[in-house]
Structure formats: C-alpha cells, structure tokens
Amino acid sequence: MNDWLSEMKELRKQGALSPVYTLVGDEYVLKKQWMDSLLAAVQKQTGQPGELLRFHFDEEGADRALLACQSLSLFSEMNVVYLDQCTVLSSANKAKFDGASLEEYLKNPIQNSVLILGVGSEKLDERKKISKLAKQFPVVDCSTPKDDVALQVMAFLVKQKQVEISASGQRELWRRCHNLTLASSELDKLWAYTDGQLVDEGHVQELVTPPLEDNVFAWIDGVVKGQVQKAFASLQDVLLGGHDGYSLLALIARQLRAMWYARVLSGRGLSQPQIAARAGIHPYAMKVASQQAHGVSAANIESLLTTIADVEFAMKSGRLDSKQALDYVVVACTRLIQNGHGQSTR
C-alpha cells in the first residue's frame, strides 16, 4: 500500500495515469483531495476538465460503474469513475453484491478510463482474488496516519487551503482532533474566525473542543494535588460529555499507570520520550503524567490503582451506581494523596 503523500506527488509528475486506483481508509478529506488532484492531472493530459462519475457498490453493485468506464464520454477524452463502498474488497462486512464483473474488469481494464475503488476499511482482504487483482494497480492509504505523518499531511492541506496557521497551532489542532477530516473542518472554522489572519495555538484552544483526556488530566491533576474542588469540577465536565462510569474509570486507570511509569522509570534514568516509547503512551500524555507524578510515590499510585479496581468491582456488583463510584474515587484518592504529603484537607 502506498502512502498518501507519495501518491499525491506521483499525480503531480504528470506521468501516465493508471487505469485503476484503490483508495483504502476512512479519511474523507484525503480521498477528496486525492481525487481533486487526479482530475487536475486528467485535465493537464487531455486539455479538458475531468468529470467524476460516482457509484456505490453496496447500493447497486459494479455493473453501472463498469459500463461508464466502457462508454464514450461527451465531455472528456478520459472517463473518471469512482466506485465507493467496495466491501467486496475487504473483510469488514459481507458484500451485498457479487464482485465477479468487477473481478473480470480488473483483469483487463479500459486504458482510456480511470476506475477508482473506494474501500472504507483500513486494508484489503488479501485472501480474496479480487483484492490481489486490485493490488496490481496503485493502492492509496487514506486512513488516519500516525502523528508524525499526520503533521506532514496537515501541512500539505494547510498549503492547499492557503491558510496561515502557526506550527504550534497545527500541533494543537491535531492533538485535539486526531482525525484529518475533522481537523480540516475545524481549520476552516478557525480561518473564518480570525478573518483570514494567522491562526495560532490560542485560537485552537479557544474554539476546538478538547479531547476527553484533557478533562481526565485535569481530574487527575486535582486529585494528586489534593484540589478537591478542581477534581469535582473536571468530573462534572466529563460527565456532561455523556461518558459512562466504566469508560471514565478505564481512562483514569490508564493515566495513573502512565504516572507510575513516569515515576518508576525516570528513577532509572530514562528520558520522557524513552518512557513514552517503553509504555506505548503518546508523548504529550507522558509529559502530563510526569508532571502529575512529581511528588507522588509509586506506592501511592499503586494504592490509587487498587482503589479504582475496587470501585469498578462495586459498580459491577451493584453496590455503587456510576455517580457514587466516581465521587468515591475523587474523595478516596485525594485523601490518600493528602495523607501521603502530610497536607491538611483544605
């Protein structure tokens, strides 16, 4: 599978176009940008605007799309056909239609047409013959990339949109969205808000909804510092987001484990990036966890994790409801930390 940026560069080289492409993944903005670039490449080659014909495999099968590939166009020398929802190429869902006609077409595609196959899953089912045939042509990865690649793609999208945003603003936008389609939409909103002026990190923090983990960080921060009011206020924000008690306890436990890694492994001389890699935790989360773990013993963190496990068991056995359980976690953990620091309850 070819990465998205590399395939975008290939399209811009104005070389011969493949008769078939497969777009794999669920990032709408990447698929749209790639198809826009393909149409631009078609126009440069033929001197006529490219026309995109859209069909959905899961709604009607492949026959109409393949007929469009084989028909003469009145508007362009080259047909460009997009056949979306090609579940026949993936293992995610059972396809509603037979892929025999598409399989035959892939064996000998029309050279003056471009057929684009859209697959919503992150990879093809390589056990299928039809997937092996599709892989004879370029397969473009349009799934959500990892952080380092995502920032490169975001820089490309920013340039395409002719938007000005600071590097720190881009990083914060990605941290809050972790989805390029959502980030692209939020970028449009930010650009409109600043009236075409530079978008900075402050604008992103003001207008883009923070991830749930931010409130969990604030909750844990209040707990480990003995700030009960802050902990309860952050808990309320999280509950208003409609999240259930089990998922919140899991998130809290995950952050406490990150704190434990930070506390124990830093004592062994490891740097934050090394600890994050060892624990399989995002560097930002590890940075926050390291700050929260400062002054808290590993033993106290282990006690907090035990408290979380006991409360979760009480919820599952019906002895505590969700709200009671979460309130108990705040009070019990705060008291333990305060006693450990020798602080008063104020």
# chains A, B, ... in the order shown; residues from 1 in each chain; ligands from 1
call {"tool": "residues_around", "arguments": {"residues": "Tyr105 of chain A", "least_positions_apart": "4", "cutoff": "12 Å", "atoms": "only C-alpha atoms", "output": "list in words"}}
result
Pro19, Val20, Ala62, Asp63, Ala65, Leu66, Leu67, Cys69, Gln70, Gly99, Ala100, Ser101, Pro109, Ile110, Gln111, Ser113, Val114, Leu115, Ile130, Leu133 and Ala134 of chain A
call {"tool": "closest_atom_pairs", "arguments": {"of": "segment 154-234 of chain A", "to": "segment 292-298 of chain A", "cutoff": "8 Å", "atoms": "only C-alpha atoms", "output": "JSON lines"}}
result
{"residue": "A:Ile220", "atom": "CA", "partner": "A:Gln292", "partner_atom": "CA", "distance": 7.7}
{"residue": "A:Asp221", "atom": "CA", "partner": "A:Gln292", "partner_atom": "CA", "distance": 6.0}
{"residue": "A:Val224", "atom": "CA", "partner": "A:Gln292", "partner_atom": "CA", "distance": 6.8}
call {"tool": "residues_around", "arguments": {"residues": "segment 322-327 of chain A", "least_positions_apart": "5", "cutoff": "12 Å", "atoms": "only C-alpha atoms", "output": "ChimeraX atom specification"}}
result
/A:219,223,228-229,231-236,238-240,243-250,252,307-317,332-334
call {"tool": "residues_around", "arguments": {"residues": "segment 173-177 of chain A", "least_positions_apart": "2", "cutoff": "12 Å", "atoms": "only C-alpha atoms", "output": "ChimeraX atom specification"}}
result
/A:144-155,158,165-171,179-190,199-214,282-285
call {"tool": "atom_distance", "arguments": {"atom1": "atom CA of Pro49 of chain A", "atom2": "atom CA of Ser6 of chain A"}}
result
23.9 Å
call {"tool": "residues_around", "arguments": {"residues": "Thr22 of chain A", "least_positions_apart": "2", "cutoff": "10 Å", "atoms": "only C-alpha atoms", "output": "list in words"}}
result
Met1, Val20, Val24, Gly25, Tyr82, Leu83, Asp84, Cys86, Leu89, Leu115, Ile116, Leu117, Gly118, Val119, Leu124, Ser131, Ala134, Lys135, Phe137, Pro138, Val139, Val140, Asp141 and Cys142 of chain A
call {"tool": "write_last_selection", "arguments": {"atoms": "N, CA and C atoms", "output": "short mmCIF file (atom, residue, chain, number, x, y, z; two decimals), in the first residue's frame"}}
result
data_model
loop_
_atom_site.label_atom_id
_atom_site.label_comp_id
_atom_site.auth_asym_id
_atom_site.auth_seq_id
_atom_site.Cartn_x
_atom_site.Cartn_y
_atom_site.Cartn_z
N MET A 1 0.84 -1.20 0.00
CA MET A 1 0.00 0.00 0.00
C MET A 1 0.88 1.25 0.00
N VAL A 20 -6.60 1.93 -12.97
CA VAL A 20 -7.32 1.58 -11.73
C VAL A 20 -6.53 2.10 -10.53
N VAL A 24 -7.97 3.26 0.16
CA VAL A 24 -8.29 2.47 1.36
C VAL A 24 -8.25 3.36 2.59
N GLY A 25 -9.29 3.29 3.43
CA GLY A 25 -9.32 4.09 4.66
C GLY A 25 -10.58 4.93 4.73
N TYR A 82 -15.75 6.74 -10.01
CA TYR A 82 -15.48 6.42 -8.60
C TYR A 82 -16.54 5.44 -8.12
N LEU A 83 -16.11 4.23 -7.77
CA LEU A 83 -16.99 3.20 -7.23
C LEU A 83 -16.71 3.06 -5.74
N ASP A 84 -17.54 3.68 -4.93
CA ASP A 84 -17.32 3.73 -3.48
C ASP A 84 -17.97 2.53 -2.79
N CYS A 86 -16.79 -0.34 -1.70
CA CYS A 86 -16.45 -1.65 -2.28
C CYS A 86 -16.12 -2.65 -1.18
N LEU A 89 -13.97 -5.94 -1.43
CA LEU A 89 -12.51 -5.98 -1.32
C LEU A 89 -12.01 -6.10 0.12
N LEU A 115 -10.68 4.00 -13.21
CA LEU A 115 -11.63 3.48 -12.24
C LEU A 115 -11.01 3.59 -10.85
N ILE A 116 -11.72 4.27 -9.96
CA ILE A 116 -11.26 4.44 -8.58
C ILE A 116 -12.17 3.61 -7.67
N LEU A 117 -11.59 2.72 -6.90
CA LEU A 117 -12.33 1.88 -5.97
C LEU A 117 -12.16 2.42 -4.56
N GLY A 118 -13.26 2.72 -3.89
CA GLY A 118 -13.20 3.23 -2.53
C GLY A 118 -13.51 2.14 -1.52
N VAL A 119 -12.61 1.92 -0.58
CA VAL A 119 -12.78 0.90 0.46
C VAL A 119 -12.69 1.58 1.82
N LEU A 124 -7.10 -4.11 2.60
CA LEU A 124 -7.81 -5.05 1.74
C LEU A 124 -7.75 -6.45 2.34
N SER A 131 -8.98 -8.83 -4.52
CA SER A 131 -8.04 -7.91 -3.85
C SER A 131 -6.65 -8.03 -4.47
N ALA A 134 -6.70 -6.10 -7.62
CA ALA A 134 -6.66 -4.65 -7.36
C ALA A 134 -5.26 -4.19 -6.99
N LYS A 135 -4.51 -5.05 -6.30
CA LYS A 135 -3.16 -4.69 -5.87
C LYS A 135 -2.14 -4.66 -7.02
N PHE A 137 -2.50 -2.65 -9.27
CA PHE A 137 -2.55 -1.22 -9.57
C PHE A 137 -2.32 -0.46 -8.25
N PRO A 138 -2.08 0.85 -8.30
CA PRO A 138 -1.79 1.59 -7.07
C PRO A 138 -2.91 1.52 -6.03
N VAL A 139 -2.52 1.24 -4.80
CA VAL A 139 -3.43 1.26 -3.65
C VAL A 139 -2.98 2.39 -2.74
N VAL A 140 -3.86 3.36 -2.51
CA VAL A 140 -3.50 4.57 -1.77
C VAL A 140 -4.07 4.50 -0.36
N ASP A 141 -3.21 4.72 0.61
CA ASP A 141 -3.61 4.67 2.02
C ASP A 141 -4.27 6.00 2.42
N CYS A 142 -5.58 5.97 2.62
CA CYS A 142 -6.32 7.17 3.04
C CYS A 142 -6.88 6.99 4.45
#
call {"tool": "closest_residue", "arguments": {"among": "A:Leu270, A:Leu305, A:Ala299, A:Ala276", "to": "Ala253 of chain A", "atoms": "only C-alpha atoms"}}
result
A:Leu305
call {"tool": "select_by_dssp", "arguments": {"residues": "segment 18-117 of chain A", "states": "helix (DSSP H, G or I)", "output": "PDB file with N, CA and C atoms, in the first residue's frame"}}
result
ATOM      1  N   TYR A  28     -12.175  11.039   4.737  1.00  0.00           N
ATOM      2  CA  TYR A  28     -12.861  11.644   3.592  1.00  0.00           C
ATOM      3  C   TYR A  28     -12.015  12.732   2.945  1.00  0.00           C
ATOM      4  N   VAL A  29     -11.369  13.558   3.762  1.00  0.00           N
ATOM      5  CA  VAL A  29     -10.618  14.687   3.204  1.00  0.00           C
ATOM      6  C   VAL A  29      -9.439  14.204   2.347  1.00  0.00           C
ATOM      7  N   LEU A  30      -8.820  13.096   2.721  1.00  0.00           N
ATOM      8  CA  LEU A  30      -7.708  12.568   1.926  1.00  0.00           C
ATOM      9  C   LEU A  30      -8.208  12.026   0.581  1.00  0.00           C
ATOM     10  N   LYS A  31      -9.336  11.339   0.604  1.00  0.00           N
ATOM     11  CA  LYS A  31      -9.899  10.827  -0.644  1.00  0.00           C
ATOM     12  C   LYS A  31     -10.307  11.975  -1.566  1.00  0.00           C
ATOM     13  N   LYS A  32     -10.943  12.994  -0.997  1.00  0.00           N
ATOM     14  CA  LYS A  32     -11.384  14.122  -1.816  1.00  0.00           C
ATOM     15  C   LYS A  32     -10.205  14.872  -2.416  1.00  0.00           C
ATOM     16  N   GLN A  33      -9.190  15.158  -1.602  1.00  0.00           N
ATOM     17  CA  GLN A  33      -8.015  15.868  -2.107  1.00  0.00           C
ATOM     18  C   GLN A  33      -7.316  15.060  -3.199  1.00  0.00           C
ATOM     19  N   TRP A  34      -7.219  13.745  -3.001  1.00  0.00           N
ATOM     20  CA  TRP A  34      -6.553  12.898  -3.989  1.00  0.00           C
ATOM     21  C   TRP A  34      -7.331  12.904  -5.298  1.00  0.00           C
ATOM     22  N   MET A  35      -8.665  12.793  -5.216  1.00  0.00           N
ATOM     23  CA  MET A  35      -9.468  12.778  -6.445  1.00  0.00           C
ATOM     24  C   MET A  35      -9.454  14.134  -7.140  1.00  0.00           C
ATOM     25  N   ASP A  36      -9.414  15.213  -6.386  1.00  0.00           N
ATOM     26  CA  ASP A  36      -9.282  16.537  -6.998  1.00  0.00           C
ATOM     27  C   ASP A  36      -7.971  16.643  -7.778  1.00  0.00           C
ATOM     28  N   SER A  37      -6.900  16.101  -7.200  1.00  0.00           N
ATOM     29  CA  SER A  37      -5.600  16.126  -7.881  1.00  0.00           C
ATOM     30  C   SER A  37      -5.609  15.233  -9.116  1.00  0.00           C
ATOM     31  N   LEU A  38      -6.314  14.103  -9.025  1.00  0.00           N
ATOM     32  CA  LEU A  38      -6.423  13.224 -10.185  1.00  0.00           C
ATOM     33  C   LEU A  38      -7.151  13.928 -11.330  1.00  0.00           C
ATOM     34  N   LEU A  39      -8.244  14.606 -11.020  1.00  0.00           N
ATOM     35  CA  LEU A  39      -8.997  15.326 -12.057  1.00  0.00           C
ATOM     36  C   LEU A  39      -8.139  16.428 -12.681  1.00  0.00           C
ATOM     37  N   ALA A  40      -7.313  17.079 -11.853  1.00  0.00           N
ATOM     38  CA  ALA A  40      -6.401  18.106 -12.382  1.00  0.00           C
ATOM     39  C   ALA A  40      -5.374  17.478 -13.320  1.00  0.00           C
ATOM     40  N   ALA A  41      -4.897  16.275 -12.961  1.00  0.00           N
ATOM     41  CA  ALA A  41      -3.927  15.575 -13.811  1.00  0.00           C
ATOM     42  C   ALA A  41      -4.571  15.159 -15.135  1.00  0.00           C
ATOM     43  N   VAL A  42      -5.826  14.731 -15.072  1.00  0.00           N
ATOM     44  CA  VAL A  42      -6.553  14.366 -16.290  1.00  0.00           C
ATOM     45  C   VAL A  42      -6.695  15.581 -17.205  1.00  0.00           C
ATOM     46  N   GLN A  43      -7.009  16.723 -16.615  1.00  0.00           N
ATOM     47  CA  GLN A  43      -7.175  17.939 -17.414  1.00  0.00           C
ATOM     48  C   GLN A  43      -5.863  18.339 -18.092  1.00  0.00           C
ATOM     49  N   LYS A  44      -4.744  18.183 -17.387  1.00  0.00           N
ATOM     50  CA  LYS A  44      -3.453  18.532 -17.971  1.00  0.00           C
ATOM     51  C   LYS A  44      -3.108  17.597 -19.127  1.00  0.00           C
ATOM     52  N   GLN A  45      -3.491  16.327 -18.994  1.00  0.00           N
ATOM     53  CA  GLN A  45      -3.167  15.363 -20.039  1.00  0.00           C
ATOM     54  C   GLN A  45      -4.061  15.506 -21.260  1.00  0.00           C
ATOM     55  N   THR A  46      -5.342  15.784 -21.049  1.00  0.00           N
ATOM     56  CA  THR A  46      -6.302  15.791 -22.152  1.00  0.00           C
ATOM     57  C   THR A  46      -6.649  17.189 -22.631  1.00  0.00           C
ATOM     58  N   PHE A  57     -21.000   0.676  -4.736  1.00  0.00           N
ATOM     59  CA  PHE A  57     -21.061  -0.779  -4.910  1.00  0.00           C
ATOM     60  C   PHE A  57     -22.111  -1.402  -3.997  1.00  0.00           C
ATOM     61  N   ASP A  58     -22.150  -0.980  -2.727  1.00  0.00           N
ATOM     62  CA  ASP A  58     -23.065  -1.594  -1.767  1.00  0.00           C
ATOM     63  C   ASP A  58     -24.530  -1.308  -2.064  1.00  0.00           C
ATOM     64  N   GLU A  59     -24.808  -0.307  -2.899  1.00  0.00           N
ATOM     65  CA  GLU A  59     -26.191   0.033  -3.228  1.00  0.00           C
ATOM     66  C   GLU A  59     -26.638  -0.550  -4.560  1.00  0.00           C
ATOM     67  N   GLU A  60     -25.701  -0.742  -5.493  1.00  0.00           N
ATOM     68  CA  GLU A  60     -26.107  -1.175  -6.825  1.00  0.00           C
ATOM     69  C   GLU A  60     -25.133  -2.139  -7.502  1.00  0.00           C
ATOM     70  N   ASP A  63     -21.909  -3.023 -11.976  1.00  0.00           N
ATOM     71  CA  ASP A  63     -22.201  -3.041 -13.408  1.00  0.00           C
ATOM     72  C   ASP A  63     -22.337  -1.648 -14.015  1.00  0.00           C
ATOM     73  N   ARG A  64     -23.063  -0.737 -13.361  1.00  0.00           N
ATOM     74  CA  ARG A  64     -23.246   0.604 -13.923  1.00  0.00           C
ATOM     75  C   ARG A  64     -21.924   1.367 -13.963  1.00  0.00           C
ATOM     76  N   ALA A  65     -21.107   1.199 -12.953  1.00  0.00           N
ATOM     77  CA  ALA A  65     -19.801   1.869 -12.921  1.00  0.00           C
ATOM     78  C   ALA A  65     -18.902   1.343 -14.045  1.00  0.00           C
ATOM     79  N   LEU A  66     -18.923   0.048 -14.246  1.00  0.00           N
ATOM     80  CA  LEU A  66     -18.084  -0.542 -15.298  1.00  0.00           C
ATOM     81  C   LEU A  66     -18.586  -0.138 -16.683  1.00  0.00           C
ATOM     82  N   LEU A  67     -19.914  -0.024 -16.848  1.00  0.00           N
ATOM     83  CA  LEU A  67     -20.462   0.451 -18.115  1.00  0.00           C
ATOM     84  C   LEU A  67     -20.006   1.874 -18.392  1.00  0.00           C
ATOM     85  N   ALA A  68     -19.952   2.701 -17.343  1.00  0.00           N
ATOM     86  CA  ALA A  68     -19.470   4.077 -17.508  1.00  0.00           C
ATOM     87  C   ALA A  68     -18.008   4.098 -17.939  1.00  0.00           C
ATOM     88  N   CYS A  69     -17.214   3.171 -17.421  1.00  0.00           N
ATOM     89  CA  CYS A  69     -15.798   3.085 -17.822  1.00  0.00           C
ATOM     90  C   CYS A  69     -15.671   2.730 -19.301  1.00  0.00           C
ATOM     91  N   GLN A  70     -16.594   1.923 -19.803  1.00  0.00           N
ATOM     92  CA  GLN A  70     -16.508   1.410 -21.164  1.00  0.00           C
ATOM     93  C   GLN A  70     -17.214   2.293 -22.189  1.00  0.00           C
ATOM     94  N   THR A  87     -17.152  -3.071  -0.449  1.00  0.00           N
ATOM     95  CA  THR A  87     -16.942  -4.012   0.653  1.00  0.00           C
ATOM     96  C   THR A  87     -16.467  -5.372   0.160  1.00  0.00           C
ATOM     97  N   VAL A  88     -16.650  -5.642  -1.135  1.00  0.00           N
ATOM     98  CA  VAL A  88     -16.206  -6.919  -1.689  1.00  0.00           C
ATOM     99  C   VAL A  88     -14.691  -7.067  -1.607  1.00  0.00           C
ATOM    100  N   LEU A  89     -13.972  -5.936  -1.426  1.00  0.00           N
ATOM    101  CA  LEU A  89     -12.513  -5.981  -1.324  1.00  0.00           C
ATOM    102  C   LEU A  89     -12.011  -6.100   0.117  1.00  0.00           C
ATOM    103  N   ALA A 100     -18.027 -10.518  -9.311  1.00  0.00           N
ATOM    104  CA  ALA A 100     -17.486 -11.233 -10.464  1.00  0.00           C
ATOM    105  C   ALA A 100     -17.203 -10.299 -11.641  1.00  0.00           C
ATOM    106  N   SER A 101     -18.139  -9.388 -11.943  1.00  0.00           N
ATOM    107  CA  SER A 101     -17.942  -8.487 -13.087  1.00  0.00           C
ATOM    108  C   SER A 101     -16.773  -7.541 -12.841  1.00  0.00           C
ATOM    109  N   LEU A 102     -16.638  -7.081 -11.598  1.00  0.00           N
ATOM    110  CA  LEU A 102     -15.513  -6.202 -11.253  1.00  0.00           C
ATOM    111  C   LEU A 102     -14.200  -6.975 -11.349  1.00  0.00           C
ATOM    112  N   GLU A 103     -14.221  -8.211 -10.915  1.00  0.00           N
ATOM    113  CA  GLU A 103     -13.020  -9.053 -10.985  1.00  0.00           C
ATOM    114  C   GLU A 103     -12.574  -9.236 -12.429  1.00  0.00           C
ATOM    115  N   GLU A 104     -13.521  -9.475 -13.342  1.00  0.00           N
ATOM    116  CA  GLU A 104     -13.194  -9.631 -14.758  1.00  0.00           C
ATOM    117  C   GLU A 104     -12.633  -8.339 -15.337  1.00  0.00           C
ATOM    118  N   TYR A 105     -13.212  -7.211 -14.936  1.00  0.00           N
ATOM    119  CA  TYR A 105     -12.736  -5.917 -15.443  1.00  0.00           C
ATOM    120  C   TYR A 105     -11.296  -5.659 -15.017  1.00  0.00           C
ATOM    121  N   LEU A 106     -10.960  -6.006 -13.772  1.00  0.00           N
ATOM    122  CA  LEU A 106      -9.613  -5.760 -13.257  1.00  0.00           C
ATOM    123  C   LEU A 106      -8.559  -6.578 -13.998  1.00  0.00           C
ATOM    124  N   LYS A 107      -8.982  -7.653 -14.628  1.00  0.00           N
ATOM    125  CA  LYS A 107      -8.034  -8.456 -15.394  1.00  0.00           C
ATOM    126  C   LYS A 107      -7.600  -7.729 -16.667  1.00  0.00           C
TER     127      LYS A 107
END
call {"tool": "decode", "arguments": {"residues": "segment 62-96 of chain A", "atoms": "C-alpha atoms", "output": "PDB file, in the first residue's frame"}}
result
ATOM      1  CA  ALA A  62     -20.422  -2.678 -10.040  1.00  0.00           C
ATOM      2  CA  ASP A  63     -22.201  -3.041 -13.408  1.00  0.00           C
ATOM      3  CA  ARG A  64     -23.246   0.604 -13.923  1.00  0.00           C
ATOM      4  CA  ALA A  65     -19.801   1.869 -12.921  1.00  0.00           C
ATOM      5  CA  LEU A  66     -18.084  -0.542 -15.298  1.00  0.00           C
ATOM      6  CA  LEU A  67     -20.462   0.451 -18.115  1.00  0.00           C
ATOM      7  CA  ALA A  68     -19.470   4.077 -17.508  1.00  0.00           C
ATOM      8  CA  CYS A  69     -15.798   3.085 -17.822  1.00  0.00           C
ATOM      9  CA  GLN A  70     -16.508   1.410 -21.164  1.00  0.00           C
ATOM     10  CA  SER A  71     -18.692   4.184 -22.613  1.00  0.00           C
ATOM     11  CA  LEU A  72     -17.577   7.180 -24.644  1.00  0.00           C
ATOM     12  CA  SER A  73     -17.752  10.471 -22.744  1.00  0.00           C
ATOM     13  CA  LEU A  74     -19.283  13.533 -24.423  1.00  0.00           C
ATOM     14  CA  PHE A  75     -17.325  15.883 -22.178  1.00  0.00           C
ATOM     15  CA  SER A  76     -13.845  14.405 -21.772  1.00  0.00           C
ATOM     16  CA  GLU A  77     -11.408  12.140 -23.575  1.00  0.00           C
ATOM     17  CA  MET A  78     -10.952  10.150 -20.374  1.00  0.00           C
ATOM     18  CA  ASN A  79     -13.676   8.728 -18.128  1.00  0.00           C
ATOM     19  CA  VAL A  80     -13.064   9.005 -14.379  1.00  0.00           C
ATOM     20  CA  VAL A  81     -15.349   6.691 -12.400  1.00  0.00           C
ATOM     21  CA  TYR A  82     -15.479   6.417  -8.605  1.00  0.00           C
ATOM     22  CA  LEU A  83     -16.994   3.200  -7.232  1.00  0.00           C
ATOM     23  CA  ASP A  84     -17.322   3.726  -3.484  1.00  0.00           C
ATOM     24  CA  GLN A  85     -18.220   1.314  -0.660  1.00  0.00           C
ATOM     25  CA  CYS A  86     -16.446  -1.653  -2.278  1.00  0.00           C
ATOM     26  CA  THR A  87     -16.942  -4.012   0.653  1.00  0.00           C
ATOM     27  CA  VAL A  88     -16.206  -6.919  -1.689  1.00  0.00           C
ATOM     28  CA  LEU A  89     -12.513  -5.981  -1.324  1.00  0.00           C
ATOM     29  CA  SER A  90     -12.499  -6.032   2.470  1.00  0.00           C
ATOM     30  CA  SER A  91     -13.318  -8.466   5.248  1.00  0.00           C
ATOM     31  CA  ALA A  92     -15.114  -5.894   7.422  1.00  0.00           C
ATOM     32  CA  ASN A  93     -18.631  -6.629   6.126  1.00  0.00           C
ATOM     33  CA  LYS A  94     -20.249  -9.166   3.866  1.00  0.00           C
ATOM     34  CA  ALA A  95     -20.761  -7.622   0.416  1.00  0.00           C
ATOM     35  CA  LYS A  96     -24.369  -7.314  -0.783  1.00  0.00           C
TER      36      LYS A  96
END
